[in-house]
$ cat query-v9.pdb   # PDB, C-alpha atoms
MODEL        1
ATOM      1  CA  GLU A  29       0.000   0.000   0.000  1.00  0.00           C
ATOM      2  CA  ARG A  30       2.901   2.358   0.774  1.00  0.00           C
ATOM      3  CA  ALA A  31       5.147   1.356  -2.146  1.00  0.00           C
ATOM      4  CA  ASP A  32       5.829   3.691  -5.060  1.00  0.00           C
ATOM      5  CA  VAL A  33       6.972   0.818  -7.294  1.00  0.00           C
ATOM      6  CA  VAL A  34       6.505  -2.950  -7.392  1.00  0.00           C
ATOM      7  CA  VAL A  35       8.845  -5.493  -9.001  1.00  0.00           C
ATOM      8  CA  VAL A  36       6.849  -7.958 -11.103  1.00  0.00           C
ATOM      9  CA  TRP A  37       8.126 -11.185 -12.640  1.00  0.00           C
ATOM     10  CA  ALA A  38       6.542 -11.960 -15.986  1.00  0.00           C
ATOM     11  CA  THR A  39       7.364 -13.953 -19.107  1.00  0.00           C
ATOM     12  CA  LEU A  40       8.417 -12.335 -22.373  1.00  0.00           C
ATOM     13  CA  ASP A  41       7.226 -15.347 -24.375  1.00  0.00           C
ATOM     14  CA  ARG A  42       4.053 -17.231 -23.478  1.00  0.00           C
ATOM     15  CA  ALA A  43       5.227 -20.244 -25.468  1.00  0.00           C
ATOM     16  CA  LEU A  44       8.410 -20.486 -23.370  1.00  0.00           C
ATOM     17  CA  GLY A  45       6.520 -19.735 -20.167  1.00  0.00           C
ATOM     18  CA  ARG A  46       8.666 -19.528 -17.055  1.00  0.00           C
ATOM     19  CA  ARG A  47      11.873 -20.063 -19.046  1.00  0.00           C
ATOM     20  CA  ALA A  48      11.438 -16.519 -20.425  1.00  0.00           C
ATOM     21  CA  ILE A  49      10.750 -14.854 -17.071  1.00  0.00           C
ATOM     22  CA  LYS A  50      12.100 -11.338 -16.574  1.00  0.00           C
ATOM     23  CA  SER A  51      11.730  -8.698 -13.865  1.00  0.00           C
ATOM     24  CA  PHE A  52       9.893  -5.416 -14.429  1.00  0.00           C
ATOM     25  CA  VAL A  53       9.457  -2.275 -12.361  1.00  0.00           C
ATOM     26  CA  VAL A  54       5.801  -1.246 -12.301  1.00  0.00           C
ATOM     27  CA  GLU A  55       4.870   2.123 -10.826  1.00  0.00           C
ATOM     28  CA  ARG A  56       1.893   2.262  -8.491  1.00  0.00           C
ATOM     29  CA  SER A  57       0.553   5.195 -10.530  1.00  0.00           C
ATOM     30  CA  ASN A  58       0.079   2.841 -13.508  1.00  0.00           C
ATOM     31  CA  PRO A  59      -3.679   2.793 -14.263  1.00  0.00           C
ATOM     32  CA  GLY A  60      -3.533  -0.975 -14.869  1.00  0.00           C
ATOM     33  CA  MET A  61      -2.409  -1.758 -11.323  1.00  0.00           C
ATOM     34  CA  THR A  62      -5.113  -1.995  -8.663  1.00  0.00           C
ATOM     35  CA  LEU A  63      -4.647  -2.736  -4.966  1.00  0.00           C
ATOM     36  CA  VAL A  64      -7.266  -5.300  -3.927  1.00  0.00           C
ATOM     37  CA  ARG A  65      -6.672  -5.599  -0.189  1.00  0.00           C
ATOM     38  CA  LEU A  66      -4.170  -5.631   2.651  1.00  0.00           C
ATOM     39  CA  GLU A  67      -3.928  -8.940   4.449  1.00  0.00           C
ATOM     40  CA  HIS A  68      -4.593  -9.152   8.195  1.00  0.00           C
ATOM     41  CA  LYS A  69      -1.877 -11.428   9.467  1.00  0.00           C
ATOM     42  CA  LEU A  70      -0.836 -13.451  12.500  1.00  0.00           C
ATOM     43  CA  GLY A  71       2.549 -11.699  12.718  1.00  0.00           C
ATOM     44  CA  ILE A  72       4.899  -9.145  11.095  1.00  0.00           C
ATOM     45  CA  ARG A  73       1.987  -6.721  11.057  1.00  0.00           C
ATOM     46  CA  ALA A  74       4.317  -3.758  10.567  1.00  0.00           C
ATOM     47  CA  SER A  75       5.137  -5.164   7.111  1.00  0.00           C
ATOM     48  CA  ASP A  76       2.326  -4.780   4.572  1.00  0.00           C
ATOM     49  CA  THR A  77       1.314  -7.846   2.589  1.00  0.00           C
ATOM     50  CA  ALA A  78      -0.963  -6.778  -0.250  1.00  0.00           C
ATOM     51  CA  ALA A  79      -2.906  -8.424  -3.059  1.00  0.00           C
ATOM     52  CA  PHE A  80      -3.049  -6.475  -6.309  1.00  0.00           C
ATOM     53  CA  VAL A  81      -4.338  -7.014  -9.850  1.00  0.00           C
ATOM     54  CA  LEU A  82      -2.622  -6.165 -13.140  1.00  0.00           C
ATOM     55  CA  ASP A  83      -5.286  -5.505 -15.795  1.00  0.00           C
ATOM     56  CA  ASN A  84      -4.075  -4.196 -19.186  1.00  0.00           C
ATOM     57  CA  CYS A  85      -1.058  -2.847 -17.332  1.00  0.00           C
ATOM     58  CA  ARG A  86       1.404  -1.519 -19.908  1.00  0.00           C
ATOM     59  CA  VAL A  87       4.968  -0.566 -19.004  1.00  0.00           C
ATOM     60  CA  PRO A  88       7.735   1.007 -21.134  1.00  0.00           C
ATOM     61  CA  ALA A  89      10.726  -1.029 -22.303  1.00  0.00           C
ATOM     62  CA  SER A  90      12.852   0.906 -19.812  1.00  0.00           C
ATOM     63  CA  ALA A  91      10.939  -0.828 -16.990  1.00  0.00           C
ATOM     64  CA  LEU A  92      12.708  -4.105 -17.768  1.00  0.00           C
ATOM     65  CA  LEU A  93      15.437  -4.991 -15.269  1.00  0.00           C
ATOM     66  CA  GLY A  94      18.551  -6.542 -16.771  1.00  0.00           C
ATOM     67  CA  ASP A  95      19.246  -8.023 -20.193  1.00  0.00           C
ATOM     68  CA  PRO A  96      16.227  -7.994 -22.572  1.00  0.00           C
ATOM     69  CA  ASP A  97      17.518 -11.038 -24.479  1.00  0.00           C
ATOM     70  CA  ILE A  98      15.787 -14.320 -23.676  1.00  0.00           C
ATOM     71  CA  ALA A  99      18.073 -17.075 -22.407  1.00  0.00           C
ATOM     72  CA  ALA A 100      15.725 -19.976 -21.772  1.00  0.00           C
ATOM     73  CA  GLU A 101      18.243 -21.823 -19.607  1.00  0.00           C
ATOM     74  CA  ASP A 102      18.554 -18.810 -17.274  1.00  0.00           C
ATOM     75  CA  GLY A 103      14.906 -17.709 -17.035  1.00  0.00           C
ATOM     76  CA  PHE A 104      13.243 -19.494 -14.141  1.00  0.00           C
ATOM     77  CA  ALA A 105      16.552 -20.885 -12.901  1.00  0.00           C
ATOM     78  CA  GLY A 106      17.994 -17.382 -12.726  1.00  0.00           C
ATOM     79  CA  THR A 107      14.960 -16.207 -10.799  1.00  0.00           C
ATOM     80  CA  MET A 108      15.381 -19.023  -8.302  1.00  0.00           C
ATOM     81  CA  GLU A 109      19.033 -18.087  -7.777  1.00  0.00           C
ATOM     82  CA  THR A 110      17.726 -14.942  -6.094  1.00  0.00           C
ATOM     83  CA  PHE A 111      16.761 -17.134  -3.141  1.00  0.00           C
ATOM     84  CA  ASP A 112      20.367 -18.218  -2.623  1.00  0.00           C
ATOM     85  CA  ASN A 113      20.927 -14.683  -1.353  1.00  0.00           C
ATOM     86  CA  THR A 114      17.612 -14.041   0.379  1.00  0.00           C
ATOM     87  CA  ARG A 115      17.298 -17.316   2.282  1.00  0.00           C
ATOM     88  CA  PRO A 116      20.378 -16.604   4.437  1.00  0.00           C
ATOM     89  CA  LEU A 117      18.817 -13.200   5.201  1.00  0.00           C
ATOM     90  CA  VAL A 118      15.617 -14.835   6.440  1.00  0.00           C
ATOM     91  CA  ALA A 119      17.704 -17.323   8.425  1.00  0.00           C
ATOM     92  CA  ALA A 120      19.508 -14.363  10.022  1.00  0.00           C
ATOM     93  CA  MET A 121      16.150 -12.806  10.927  1.00  0.00           C
ATOM     94  CA  ALA A 122      15.139 -16.092  12.557  1.00  0.00           C
ATOM     95  CA  VAL A 123      18.412 -16.335  14.480  1.00  0.00           C
ATOM     96  CA  GLY A 124      18.004 -12.766  15.699  1.00  0.00           C
ATOM     97  CA  LEU A 125      14.400 -13.290  16.792  1.00  0.00           C
ATOM     98  CA  ALA A 126      15.345 -16.457  18.652  1.00  0.00           C
ATOM     99  CA  ARG A 127      18.214 -14.610  20.352  1.00  0.00           C
ATOM    100  CA  ALA A 128      15.856 -11.870  21.509  1.00  0.00           C
ATOM    101  CA  CYS A 129      13.430 -14.453  22.915  1.00  0.00           C
ATOM    102  CA  LEU A 130      16.191 -16.237  24.829  1.00  0.00           C
ATOM    103  CA  ASP A 131      17.610 -13.013  26.246  1.00  0.00           C
ATOM    104  CA  ARG A 132      14.241 -11.706  27.433  1.00  0.00           C
ATOM    105  CA  THR A 133      13.235 -15.065  28.876  1.00  0.00           C
ATOM    106  CA  THR A 134      16.518 -15.284  30.773  1.00  0.00           C
ATOM    107  CA  GLU A 135      15.779 -11.857  32.269  1.00  0.00           C
ATOM    108  CA  LEU A 136      12.220 -12.783  33.253  1.00  0.00           C
ATOM    109  CA  LEU A 137      13.338 -16.075  34.803  1.00  0.00           C
ATOM    110  CA  ALA A 138      16.028 -14.246  36.785  1.00  0.00           C
ATOM    111  CA  GLU A 139      13.391 -11.839  38.100  1.00  0.00           C
ATOM    112  CA  ALA A 140      11.469 -14.912  39.257  1.00  0.00           C
ATOM    113  CA  GLY A 141      14.563 -16.287  41.016  1.00  0.00           C
ATOM    114  CA  VAL A 142      15.506 -18.857  38.365  1.00  0.00           C
ATOM    115  CA  MET A 143      19.177 -18.552  37.489  1.00  0.00           C
ATOM    116  CA  VAL A 144      20.653 -20.340  34.469  1.00  0.00           C
ATOM    117  CA  ASP A 145      24.208 -21.656  34.873  1.00  0.00           C
ATOM    118  CA  PRO A 146      25.791 -23.122  31.703  1.00  0.00           C
ATOM    119  CA  ASP A 147      28.608 -24.627  33.793  1.00  0.00           C
ATOM    120  CA  THR A 148      26.260 -26.725  35.923  1.00  0.00           C
ATOM    121  CA  PRO A 149      24.885 -30.097  34.651  1.00  0.00           C
ATOM    122  CA  HIS A 150      21.249 -30.149  33.586  1.00  0.00           C
ATOM    123  CA  THR A 151      20.336 -32.583  36.318  1.00  0.00           C
ATOM    124  CA  ALA A 152      21.557 -30.159  38.991  1.00  0.00           C
ATOM    125  CA  GLN A 153      19.341 -27.308  37.751  1.00  0.00           C
ATOM    126  CA  GLY A 154      15.639 -26.649  37.712  1.00  0.00           C
ATOM    127  CA  ALA A 155      13.512 -27.736  34.749  1.00  0.00           C
ATOM    128  CA  ALA A 156      13.167 -24.185  33.386  1.00  0.00           C
ATOM    129  CA  ALA A 157      16.927 -23.526  33.496  1.00  0.00           C
ATOM    130  CA  ALA A 158      17.731 -26.882  31.891  1.00  0.00           C
ATOM    131  CA  ARG A 159      15.199 -26.270  29.125  1.00  0.00           C
ATOM    132  CA  LEU A 160      16.684 -22.851  28.397  1.00  0.00           C
ATOM    133  CA  LEU A 161      20.148 -24.385  28.009  1.00  0.00           C
ATOM    134  CA  ASP A 162      18.756 -26.873  25.461  1.00  0.00           C
ATOM    135  CA  LEU A 163      17.270 -23.959  23.507  1.00  0.00           C
ATOM    136  CA  GLU A 164      20.625 -22.168  23.584  1.00  0.00           C
ATOM    137  CA  ALA A 165      22.229 -25.201  21.929  1.00  0.00           C
ATOM    138  CA  ASP A 166      19.586 -25.216  19.179  1.00  0.00           C
ATOM    139  CA  HIS A 167      20.178 -21.513  18.608  1.00  0.00           C
ATOM    140  CA  ALA A 168      23.933 -22.021  18.295  1.00  0.00           C
ATOM    141  CA  SER A 169      23.532 -24.618  15.534  1.00  0.00           C
ATOM    142  CA  ALA A 170      21.149 -22.399  13.545  1.00  0.00           C
ATOM    143  CA  TYR A 171      23.520 -19.452  13.985  1.00  0.00           C
ATOM    144  CA  LEU A 172      26.502 -21.384  12.648  1.00  0.00           C
ATOM    145  CA  LEU A 173      24.606 -22.693   9.606  1.00  0.00           C
ATOM    146  CA  THR A 174      23.477 -19.151   8.821  1.00  0.00           C
ATOM    147  CA  LEU A 175      27.032 -17.831   9.060  1.00  0.00           C
ATOM    148  CA  LYS A 176      28.206 -20.517   6.644  1.00  0.00           C
ATOM    149  CA  ALA A 177      25.538 -19.686   4.051  1.00  0.00           C
ATOM    150  CA  ALA A 178      26.287 -15.951   4.306  1.00  0.00           C
ATOM    151  CA  TRP A 179      30.056 -16.536   4.129  1.00  0.00           C
ATOM    152  CA  LEU A 180      29.690 -18.556   0.930  1.00  0.00           C
ATOM    153  CA  THR A 181      27.665 -15.698  -0.566  1.00  0.00           C
ATOM    154  CA  ASP A 182      30.385 -13.206   0.345  1.00  0.00           C
ATOM    155  CA  GLN A 183      32.983 -15.480  -1.275  1.00  0.00           C
ATOM    156  CA  ARG A 184      30.781 -15.748  -4.393  1.00  0.00           C
ATOM    157  CA  GLU A 185      30.743 -19.504  -3.963  1.00  0.00           C
ATOM    158  CA  PRO A 186      27.710 -21.723  -4.760  1.00  0.00           C
ATOM    159  CA  ASN A 187      25.538 -21.752  -1.652  1.00  0.00           C
ATOM    160  CA  SER A 188      22.171 -23.232  -2.664  1.00  0.00           C
ATOM    161  CA  MET A 189      22.572 -26.196  -0.317  1.00  0.00           C
ATOM    162  CA  ALA A 190      23.889 -24.112   2.578  1.00  0.00           C
ATOM    163  CA  ALA A 191      21.175 -21.478   2.089  1.00  0.00           C
ATOM    164  CA  SER A 192      18.418 -24.085   2.232  1.00  0.00           C
ATOM    165  CA  MET A 193      19.971 -25.833   5.229  1.00  0.00           C
ATOM    166  CA  ALA A 194      20.289 -22.535   7.103  1.00  0.00           C
ATOM    167  CA  LYS A 195      16.760 -21.440   6.204  1.00  0.00           C
ATOM    168  CA  ALA A 196      15.257 -24.790   7.223  1.00  0.00           C
ATOM    169  CA  LYS A 197      17.135 -25.025  10.511  1.00  0.00           C
ATOM    170  CA  ALA A 198      16.809 -21.374  11.533  1.00  0.00           C
ATOM    171  CA  GLY A 199      13.131 -21.104  10.629  1.00  0.00           C
ATOM    172  CA  ARG A 200      12.235 -24.248  12.536  1.00  0.00           C
ATOM    173  CA  THR A 201      14.435 -23.230  15.477  1.00  0.00           C
ATOM    174  CA  ALA A 202      12.931 -19.738  15.747  1.00  0.00           C
ATOM    175  CA  VAL A 203       9.403 -21.132  15.924  1.00  0.00           C
ATOM    176  CA  ALA A 204      10.403 -23.732  18.516  1.00  0.00           C
ATOM    177  CA  ILE A 205      12.379 -21.305  20.679  1.00  0.00           C
ATOM    178  CA  ALA A 206       9.727 -18.565  20.563  1.00  0.00           C
ATOM    179  CA  GLY A 207       6.998 -21.025  21.542  1.00  0.00           C
ATOM    180  CA  ALA A 208       9.112 -22.524  24.320  1.00  0.00           C
ATOM    181  CA  CYS A 209       9.959 -19.082  25.694  1.00  0.00           C
ATOM    182  CA  VAL A 210       6.275 -18.154  25.884  1.00  0.00           C
ATOM    183  CA  GLU A 211       5.755 -21.373  27.844  1.00  0.00           C
ATOM    184  CA  LEU A 212       8.720 -20.788  30.167  1.00  0.00           C
ATOM    185  CA  CYS A 213       7.534 -17.254  30.948  1.00  0.00           C
ATOM    186  CA  GLY A 214       4.063 -18.493  31.822  1.00  0.00           C
ATOM    187  CA  PRO A 215       1.169 -15.990  31.852  1.00  0.00           C
ATOM    188  CA  ILE A 216       3.630 -13.099  31.447  1.00  0.00           C
ATOM    189  CA  GLY A 217       4.946 -14.577  28.203  1.00  0.00           C
ATOM    190  CA  TYR A 218       1.411 -14.994  26.851  1.00  0.00           C
ATOM    191  CA  ALA A 219       0.414 -11.382  27.586  1.00  0.00           C
ATOM    192  CA  GLU A 220       0.526  -8.637  24.966  1.00  0.00           C
ATOM    193  CA  THR A 221       2.486  -6.522  27.441  1.00  0.00           C
ATOM    194  CA  GLU A 222       5.569  -8.663  26.679  1.00  0.00           C
ATOM    195  CA  LEU A 223       7.441  -8.790  23.364  1.00  0.00           C
ATOM    196  CA  VAL A 224       7.855 -12.561  23.763  1.00  0.00           C
ATOM    197  CA  GLU A 225       4.195 -12.911  22.737  1.00  0.00           C
ATOM    198  CA  LYS A 226       4.730 -10.777  19.629  1.00  0.00           C
ATOM    199  CA  TRP A 227       7.908 -12.608  18.679  1.00  0.00           C
ATOM    200  CA  ALA A 228       6.088 -15.942  18.911  1.00  0.00           C
ATOM    201  CA  ARG A 229       3.553 -14.686  16.357  1.00  0.00           C
ATOM    202  CA  ASP A 230       6.235 -13.182  14.125  1.00  0.00           C
ATOM    203  CA  ALA A 231       8.358 -16.348  14.165  1.00  0.00           C
ATOM    204  CA  LYS A 232       6.044 -18.509  12.052  1.00  0.00           C
ATOM    205  CA  ILE A 233       6.496 -16.510   8.850  1.00  0.00           C
ATOM    206  CA  LEU A 234      10.256 -17.120   9.050  1.00  0.00           C
ATOM    207  CA  ASP A 235       9.506 -20.815   8.527  1.00  0.00           C
ATOM    208  CA  ILE A 236       7.278 -20.048   5.525  1.00  0.00           C
ATOM    209  CA  PHE A 237       8.455 -17.234   3.245  1.00  0.00           C
ATOM    210  CA  GLU A 238      11.466 -17.553   0.940  1.00  0.00           C
ATOM    211  CA  GLY A 239      10.457 -21.221   0.630  1.00  0.00           C
ATOM    212  CA  THR A 240       8.638 -23.303   3.213  1.00  0.00           C
ATOM    213  CA  GLN A 241      10.261 -25.815   5.521  1.00  0.00           C
ATOM    214  CA  GLN A 242       9.113 -28.620   3.193  1.00  0.00           C
ATOM    215  CA  ILE A 243      10.631 -26.979   0.101  1.00  0.00           C
ATOM    216  CA  GLN A 244      13.986 -26.571   1.861  1.00  0.00           C
ATOM    217  CA  GLN A 245      13.949 -30.236   2.852  1.00  0.00           C
ATOM    218  CA  LEU A 246      13.317 -31.231  -0.777  1.00  0.00           C
ATOM    219  CA  ILE A 247      16.229 -29.080  -1.978  1.00  0.00           C
ATOM    220  CA  VAL A 248      18.569 -30.522   0.648  1.00  0.00           C
TER     221      VAL A 248
ENDMDL
END

$ encode --input "query-v9.pdb" --output "structure tokens"
Amino acid sequence: ERADVVVVWATLDRALGRRAIKSFVVERSNPGMTLVRLEHKLGIRASDTAAFVLDNCRVPASALLGDPDIAAEDGFAGTMETFDNTRPLVAAMAVGLARACLDRTTELLAEAGVMVDPDTPHTAQGAAAARLLDLEADHASAYLLTLKAAWLTDQREPNSMAASMAKAKAGRTAVAIAGACVELCGPIGYAETELVEKWARDAKILDIFEGTQQIQQLIV
């Protein structure tokens, strides 16, 4: 709703279909573009998700992004390569959200008299402290996978496998950690007065967009 332009993927040749996909910049002022609705979502409500219709929407040749020549072998495959860069970003978002949940939960548990000691065996600590240490281990593995995928991108090395592994692990971990932190914080964690509740709602999209958990598993 607030965007001045939208990037649209469309084919230059109906016969070739997705193999001739290219990216176009379409201005919101274009009379052929109509906003249908804004979605009301479980989480990330500060980020608009909109449905729009393109009806007889004509754009100038200058709106085409990149090379106008059709290379069938690079069409859809080239579009999918975009995700090799964006999936590590989503994984990083998931790692960050999980970190925030763990930090806030640690603070709330401390206020309740529950201290977490990573140098003490699980069996010598309370159930809440032991559970938090397990979550910290899950977070560490997602963090390291995300670093690997991002490092490969920086080195301009192929990272499709690493990107999907990081996205799958981090997305799943963020949802699990956020839900567990709500549980560990009890009624306080479930209340809208605490960010842990918001983060639990926000976490689920990180396991869905840029390719769902199931899609990442298929790629791996």

$ residues_around --input "query-v9.pdb" --residues "Met193 of chain A" --least-positions-apart "2" --cutoff "9 Å" --atoms "only C-alpha atoms" --output "compact mmCIF listing (two decimals) with C-alpha atoms, in the frame of the given file"
# COMPACT_ATOMS: atom_id res chain seq x y z
CA LEU A 173 24.61 -22.69 9.61
CA THR A 174 23.48 -19.15 8.82
CA ALA A 177 25.54 -19.69 4.05
CA SER A 188 22.17 -23.23 -2.66
CA MET A 189 22.57 -26.20 -0.32
CA ALA A 190 23.89 -24.11 2.58
CA ALA A 191 21.18 -21.48 2.09
CA LYS A 195 16.76 -21.44 6.20
CA ALA A 196 15.26 -24.79 7.22
CA LYS A 197 17.14 -25.02 10.51
CA ALA A 198 16.81 -21.37 11.53
CA GLN A 244 13.99 -26.57 1.86
CA GLN A 245 13.95 -30.24 2.85
CA ILE A 247 16.23 -29.08 -1.98
CA VAL A 248 18.57 -30.52 0.65

$ resolve_selection --input "query-v9.pdb" --expression "the PyMOL selection byres ((chain A and resi 159) around 12)" --output "PyMOL selection string"
chain A and resi 130+133-134+137+142+144-146+149-151+153-158+160-166+204-205+208-209+211-213

$ atom_distance --input "query-v9.pdb" --atom1 "atom CA of Leu175 of chain A" --atom2 "atom CA of Arg200 of chain A"
16.5 Å

$ closest_residue --input "query-v9.pdb" --among "A:Glu225, A:Asp230, A:Glu185, A:Asp41" --to "Gly124 of chain A" --atoms "all atoms listed in the file"
A:Asp230

$ resolve_selection --input "query-v9.pdb" --expression "the PyMOL selection byres ((chain A and resi 40) around 9)" --output "MDAnalysis selection string"
chainID A and resid 38:39 41:42 44:46 48:50 96 98

$ closest_residue --input "query-v9.pdb" --among "A:Asp76, A:Phe52, A:Val123, A:Val81" --to "Asp95 of chain A" --atoms "all atoms listed in the file"
A:Phe52

$ atom_distance --input "query-v9.pdb" --atom1 "atom CA of Asn84 of chain A" --atom2 "atom CA of Pro59 of chain A"
8.6 Å

$ residues_around --input "query-v9.pdb" --residues "Ala122 of chain A" --least-positions-apart "3" --cutoff "9 Å" --atoms "only C-alpha atoms" --output "PyMOL selection string"
chain A and resi 117-119+125-127+170+195+198-203+231+234-235

$ residues_around --input "query-v9.pdb" --residues "Ile72 of chain A" --least-positions-apart "3" --cutoff "12 Å" --atoms "all atoms listed in the file" --output "PDB file with C-alpha atoms, in the frame of the given file"
ATOM      1  CA  GLU A  67      -3.928  -8.940   4.449  1.00  0.00           C
ATOM      2  CA  HIS A  68      -4.593  -9.152   8.195  1.00  0.00           C
ATOM      3  CA  LYS A  69      -1.877 -11.428   9.467  1.00  0.00           C
ATOM      4  CA  SER A  75       5.137  -5.164   7.111  1.00  0.00           C
ATOM      5  CA  ASP A  76       2.326  -4.780   4.572  1.00  0.00           C
ATOM      6  CA  THR A  77       1.314  -7.846   2.589  1.00  0.00           C
ATOM      7  CA  MET A 121      16.150 -12.806  10.927  1.00  0.00           C
ATOM      8  CA  LEU A 125      14.400 -13.290  16.792  1.00  0.00           C
ATOM      9  CA  LYS A 226       4.730 -10.777  19.629  1.00  0.00           C
ATOM     10  CA  TRP A 227       7.908 -12.608  18.679  1.00  0.00           C
ATOM     11  CA  ALA A 228       6.088 -15.942  18.911  1.00  0.00           C
ATOM     12  CA  ARG A 229       3.553 -14.686  16.357  1.00  0.00           C
ATOM     13  CA  ASP A 230       6.235 -13.182  14.125  1.00  0.00           C
ATOM     14  CA  ALA A 231       8.358 -16.348  14.165  1.00  0.00           C
ATOM     15  CA  LYS A 232       6.044 -18.509  12.052  1.00  0.00           C
ATOM     16  CA  ILE A 233       6.496 -16.510   8.850  1.00  0.00           C
ATOM     17  CA  LEU A 234      10.256 -17.120   9.050  1.00  0.00           C
ATOM     18  CA  PHE A 237       8.455 -17.234   3.245  1.00  0.00           C
TER      19      PHE A 237
END
